[in-house]
file run-v4.txt (compact mmCIF, C-alpha atoms)
# COMPACT_ATOMS: atom_id res chain seq x y z
CA MET G 377 0.00 0.00 0.00
CA THR G 378 1.36 3.40 -0.95
CA GLN G 379 -0.11 6.64 0.33
CA THR G 380 0.72 10.31 -0.05
CA LEU G 381 0.66 12.49 3.05
CA LEU G 382 0.96 16.23 3.54
CA VAL G 383 3.09 16.84 6.64
CA LEU G 384 4.69 19.55 8.74
CA LEU G 385 8.30 18.84 9.63
CA ALA G 386 9.95 20.59 12.57
CA PRO G 387 13.47 22.06 12.63
CA GLY G 388 16.26 19.56 13.33
CA SER G 389 16.64 20.26 17.05
CA VAL G 390 12.90 19.82 17.65
CA GLU G 391 12.85 16.74 15.44
CA ALA G 392 15.66 15.27 17.57
CA ASP G 393 13.75 15.92 20.81
CA VAL G 394 10.54 14.36 19.43
CA GLY G 395 12.63 11.45 18.12
CA ARG G 396 13.87 10.88 21.68
CA VAL G 397 10.25 10.70 22.87
CA GLN G 398 9.56 8.08 20.18
CA GLN G 399 12.67 6.11 21.19
CA ARG G 400 11.70 6.27 24.87
CA ILE G 401 8.25 4.83 24.12
CA PHE G 402 9.86 2.04 22.10
CA ALA G 403 12.45 1.30 24.81
CA ASP G 404 9.94 1.37 27.68
CA HIS G 405 7.01 -0.38 26.00
CA GLY G 406 8.39 -2.20 22.94
CA LEU G 407 5.88 -0.51 20.61
CA VAL G 408 7.35 -0.63 17.10
CA SER G 409 4.78 1.79 15.69
CA ALA G 410 6.25 4.52 17.91
CA VAL G 411 9.43 4.55 15.81
CA ALA G 412 8.00 3.52 12.42
CA LEU G 413 7.83 7.06 11.06
CA PRO G 414 10.15 10.03 11.53
CA PRO G 415 8.84 12.93 13.64
CA LEU G 416 6.06 14.50 11.59
CA VAL G 417 2.75 16.31 12.04
CA PRO G 418 0.24 14.73 9.61
CA VAL G 419 -2.03 17.29 7.92
CA ALA G 420 -3.91 15.34 5.24
CA PHE G 421 -3.69 12.22 3.14
CA LEU G 422 -3.80 13.24 -0.51
CA PRO G 423 -5.56 11.34 -3.28
CA ALA G 424 -3.08 9.36 -5.39
CA GLU G 425 -3.98 11.32 -8.49
CA GLU G 426 -3.50 14.67 -6.74
CA ARG G 427 -1.27 16.90 -8.83
CA MET G 428 1.35 18.49 -6.61
CA ARG G 429 2.30 21.30 -8.96
CA GLY G 430 1.78 24.50 -7.01
CA LEU G 431 0.10 22.73 -4.07
CA LEU G 432 2.75 23.59 -1.47
CA ALA G 433 2.97 27.23 -2.60
CA LYS G 434 -0.83 27.53 -2.34
CA LEU G 435 -0.80 25.99 1.13
CA ASN G 436 2.09 28.21 2.24
CA ALA G 437 0.06 31.28 1.22
CA SER G 438 -2.86 30.09 3.39
CA VAL G 439 -0.82 30.44 6.60
CA ALA G 440 -0.54 33.74 8.45
CA ALA G 441 3.00 34.75 9.36
CA PRO G 442 4.65 34.96 11.75
CA TYR G 443 3.61 31.81 13.60
CA ARG G 444 4.73 29.87 16.65
CA ILE G 445 4.09 26.18 17.30
CA THR G 446 4.32 24.77 20.84
CA LEU G 447 3.90 21.29 22.29
CA ALA G 448 0.55 20.65 23.94
CA GLY G 449 0.80 17.22 25.62
CA LEU G 450 -0.20 13.69 24.69
CA ALA G 451 -3.48 12.91 22.93
CA TRP G 452 -5.06 9.69 21.65
CA ARG G 453 -6.99 9.78 18.38
CA ASP G 454 -8.69 6.70 16.91
CA GLY G 455 -6.25 4.36 18.65
CA PHE G 456 -3.05 6.29 17.83
CA LEU G 457 -0.96 8.47 20.14
CA TYR G 458 0.16 11.97 19.21
CA LEU G 459 2.32 14.57 20.88
CA GLY G 460 -0.15 17.40 20.41
CA VAL G 461 0.86 20.83 19.23
CA ASP G 462 -0.76 24.23 19.47
CA SER G 463 -0.05 25.70 16.06
CA GLY G 464 -2.01 28.92 16.54
CA GLY G 465 -4.18 28.06 13.54
CA VAL G 466 -1.39 26.97 11.16
CA TRP G 467 -2.44 23.30 11.10
CA GLY G 468 -6.12 24.20 10.67
CA SER G 469 -5.37 26.56 7.77
CA LEU G 470 -3.32 23.92 6.00
CA ARG G 471 -5.94 21.23 6.61
CA ALA G 472 -8.74 23.45 5.32
CA GLU G 473 -6.84 24.15 2.09
CA ALA G 474 -5.59 20.60 1.50
CA SER G 475 -7.58 18.04 -0.40
CA ASP G 476 -8.33 15.56 2.38
CA GLU G 477 -10.77 13.20 0.76
CA ALA G 478 -8.35 10.28 0.87
CA SER G 479 -8.39 7.93 3.84
CA GLY G 480 -5.08 6.99 5.37
CA LEU G 481 -3.15 4.62 7.57
CA PHE G 482 -3.93 6.81 10.59
CA PRO G 483 -5.93 9.97 11.20
CA PRO G 484 -4.33 13.36 10.55
CA PHE G 485 -4.12 15.22 13.85
CA GLU G 486 -2.60 18.45 15.15
CA GLY G 487 0.38 16.75 16.72
CA PHE G 488 3.47 14.63 16.11
CA PHE G 489 2.55 11.04 15.24
CA LEU G 490 3.74 8.66 17.99
CA GLY G 491 1.94 5.50 16.86
CA CYS G 492 1.33 3.10 19.77
CA ALA G 493 -1.62 1.47 17.98
CA GLU G 494 -0.56 -1.99 19.12
CA ALA G 495 -0.89 -0.97 22.79
CA GLY G 496 -3.79 -2.49 24.65
CA VAL G 497 -6.24 -0.27 26.50
CA ALA G 498 -4.61 -0.98 29.87
CA GLN G 499 -1.11 -0.36 28.48
CA ARG G 500 -2.13 3.02 27.03
CA GLU G 501 -2.50 4.50 30.50
CA SER G 502 1.14 3.65 31.27
CA ILE G 503 2.55 5.42 28.20
CA LEU G 504 3.71 8.64 29.79
CA PRO G 505 7.15 9.55 28.42
CA PRO G 506 8.82 12.71 29.68
CA LEU G 507 7.97 15.49 27.25
CA PRO G 508 10.25 18.35 26.30
CA ALA G 509 9.01 21.93 26.58
CA LEU G 510 9.42 23.07 23.00
CA GLY G 511 8.33 25.79 20.66
CA PHE G 512 9.39 26.65 17.13
CA THR G 513 8.81 29.43 14.64
CA SER G 514 9.98 27.71 11.47
CA SER G 515 9.05 24.44 9.83
CA THR G 516 8.93 22.67 6.51
CA LEU G 517 5.81 21.78 4.56
CA ALA G 518 6.28 18.49 2.71
CA VAL G 519 4.53 15.87 0.64
CA MET G 520 5.65 12.43 1.76
CA ARG G 521 5.13 9.02 0.20
CA ILE G 522 4.56 6.22 2.70
CA CYS G 523 4.99 2.66 1.46
CA ALA G 524 3.75 -0.17 3.65
CA PRO G 525 3.88 -3.35 1.54
CA GLY G 526 1.98 -5.45 4.07
CA GLU G 527 -1.77 -5.10 4.24
CA GLY G 528 -3.54 -5.09 7.56
CA ALA G 529 -3.38 -3.65 10.99
CA ALA G 530 0.39 -3.86 11.61
CA TRP G 531 1.52 -1.72 8.64
CA TRP G 532 4.23 -0.13 10.81
CA SER G 533 6.29 -3.33 10.93
CA ASP G 534 7.49 -2.78 7.34
CA VAL G 535 7.27 0.83 6.21
CA SER G 536 9.39 3.28 4.25
CA THR G 537 9.02 6.99 3.57
CA GLU G 538 10.20 9.37 0.88
CA ILE G 539 9.88 13.15 0.68
CA LEU G 540 8.46 13.96 -2.77
CA GLU G 541 8.47 17.74 -2.43
CA GLU G 542 9.14 20.26 0.34
CA ILE G 543 9.31 24.00 0.96
CA PRO G 544 10.05 26.11 4.02
CA LEU G 545 6.75 27.14 5.59
CA ARG G 546 7.03 30.89 5.75
CA GLY G 547 3.39 31.90 5.52
CA ARG G 548 2.05 35.15 4.23
CA ARG G 549 2.27 38.37 6.17
CA ARG G 550 -1.00 40.22 6.52
CA ARG G 551 -1.01 43.84 5.41
call {"tool": "encode", "arguments": {"input": "run-v4.txt", "output": "structure tokens"}}
result
Amino acid sequence: MTQTLLVLLAPGSVEADVGRVQQRIFADHGLVSAVALPPLVPVAFLPAEERMRGLLAKLNASVAAPYRITLAGLAWRDGFLYLGVDSGGVWGSLRAEASDEASGLFPPFEGFFLGCAEAGVAQRESILPPLPALGFTSSTLAVMRICAPGEGAAWWSDVSTEILEEIPLRGRRRR
């Protein structure tokens, strides 16, 4: 199965800190889905036939600049764990402008994808990794291909990703 996902990528230092949260979940709980994908904030799954030409520029123009994104704690959504973010409307603007008719491997959510889908209900309550206090004012908007050759619930056991296109998310200053 191959899917195309619009994502927000954080600066390297933030990505490293979120990666440490993912690694901690894996080390403490053995949940492979926590480390299956790099640190990313999923915005929308795009239809396979979606033409990317100009899409990222259009989305960039939909965001008000300047912006600041901060971490907002853990949140479960449809069986997946996210490290929530408060994007001050950035994520919502991107989501509203993106074509989001395609279903995906997991739900887009305003937060970094942490997986943990294989955790049982009782185990979920024990997943409480220490969270960094982070904020960032720059990010990258990207279109990512996710390939998970195996069908079924445990797609994260064999997955690869590729960035198809990316631009710095600068937004548009209001006059």
call {"tool": "closest_residue", "arguments": {"input": "run-v4.txt", "among": "G:Gly455, G:Gly480, G:Gly395, G:Gly464", "to": "Arg521 in chain G", "atoms": "only C-alpha atoms"}}
result
G:Gly480
call {"tool": "closest_residue", "arguments": {"input": "run-v4.txt", "among": "G:Ala493, G:Ala474, G:Ala448, G:Leu435", "to": "Gly406 in chain G", "atoms": "all atoms listed in the file"}}
result
G:Ala493
call {"tool": "residues_around", "arguments": {"input": "run-v4.txt", "residues": "Val417 in chain G", "least_positions_apart": "5", "cutoff": "7 Å", "atoms": "all atoms listed in the file", "output": "count of residues only"}}
result
7
call {"tool": "closest_residue", "arguments": {"input": "run-v4.txt", "among": "G:Ser515, G:Ser533, G:Ser409, G:Thr446", "to": "Leu490 in chain G", "atoms": "all atoms listed in the file"}}
result
G:Ser409
call {"tool": "residues_around", "arguments": {"input": "run-v4.txt", "residues": "Gln398 in chain G", "least_positions_apart": "2", "cutoff": "8 Å", "atoms": "only C-alpha atoms", "output": "VMD selection string"}}
result
chain G and resid 394 to 396 400 to 402 410 to 411 490
call {"tool": "closest_residue", "arguments": {"input": "run-v4.txt", "among": "G:Ala440, G:Leu507, G:Leu407, G:Leu381", "to": "Ala495 in chain G", "atoms": "all atoms listed in the file"}}
result
G:Leu407
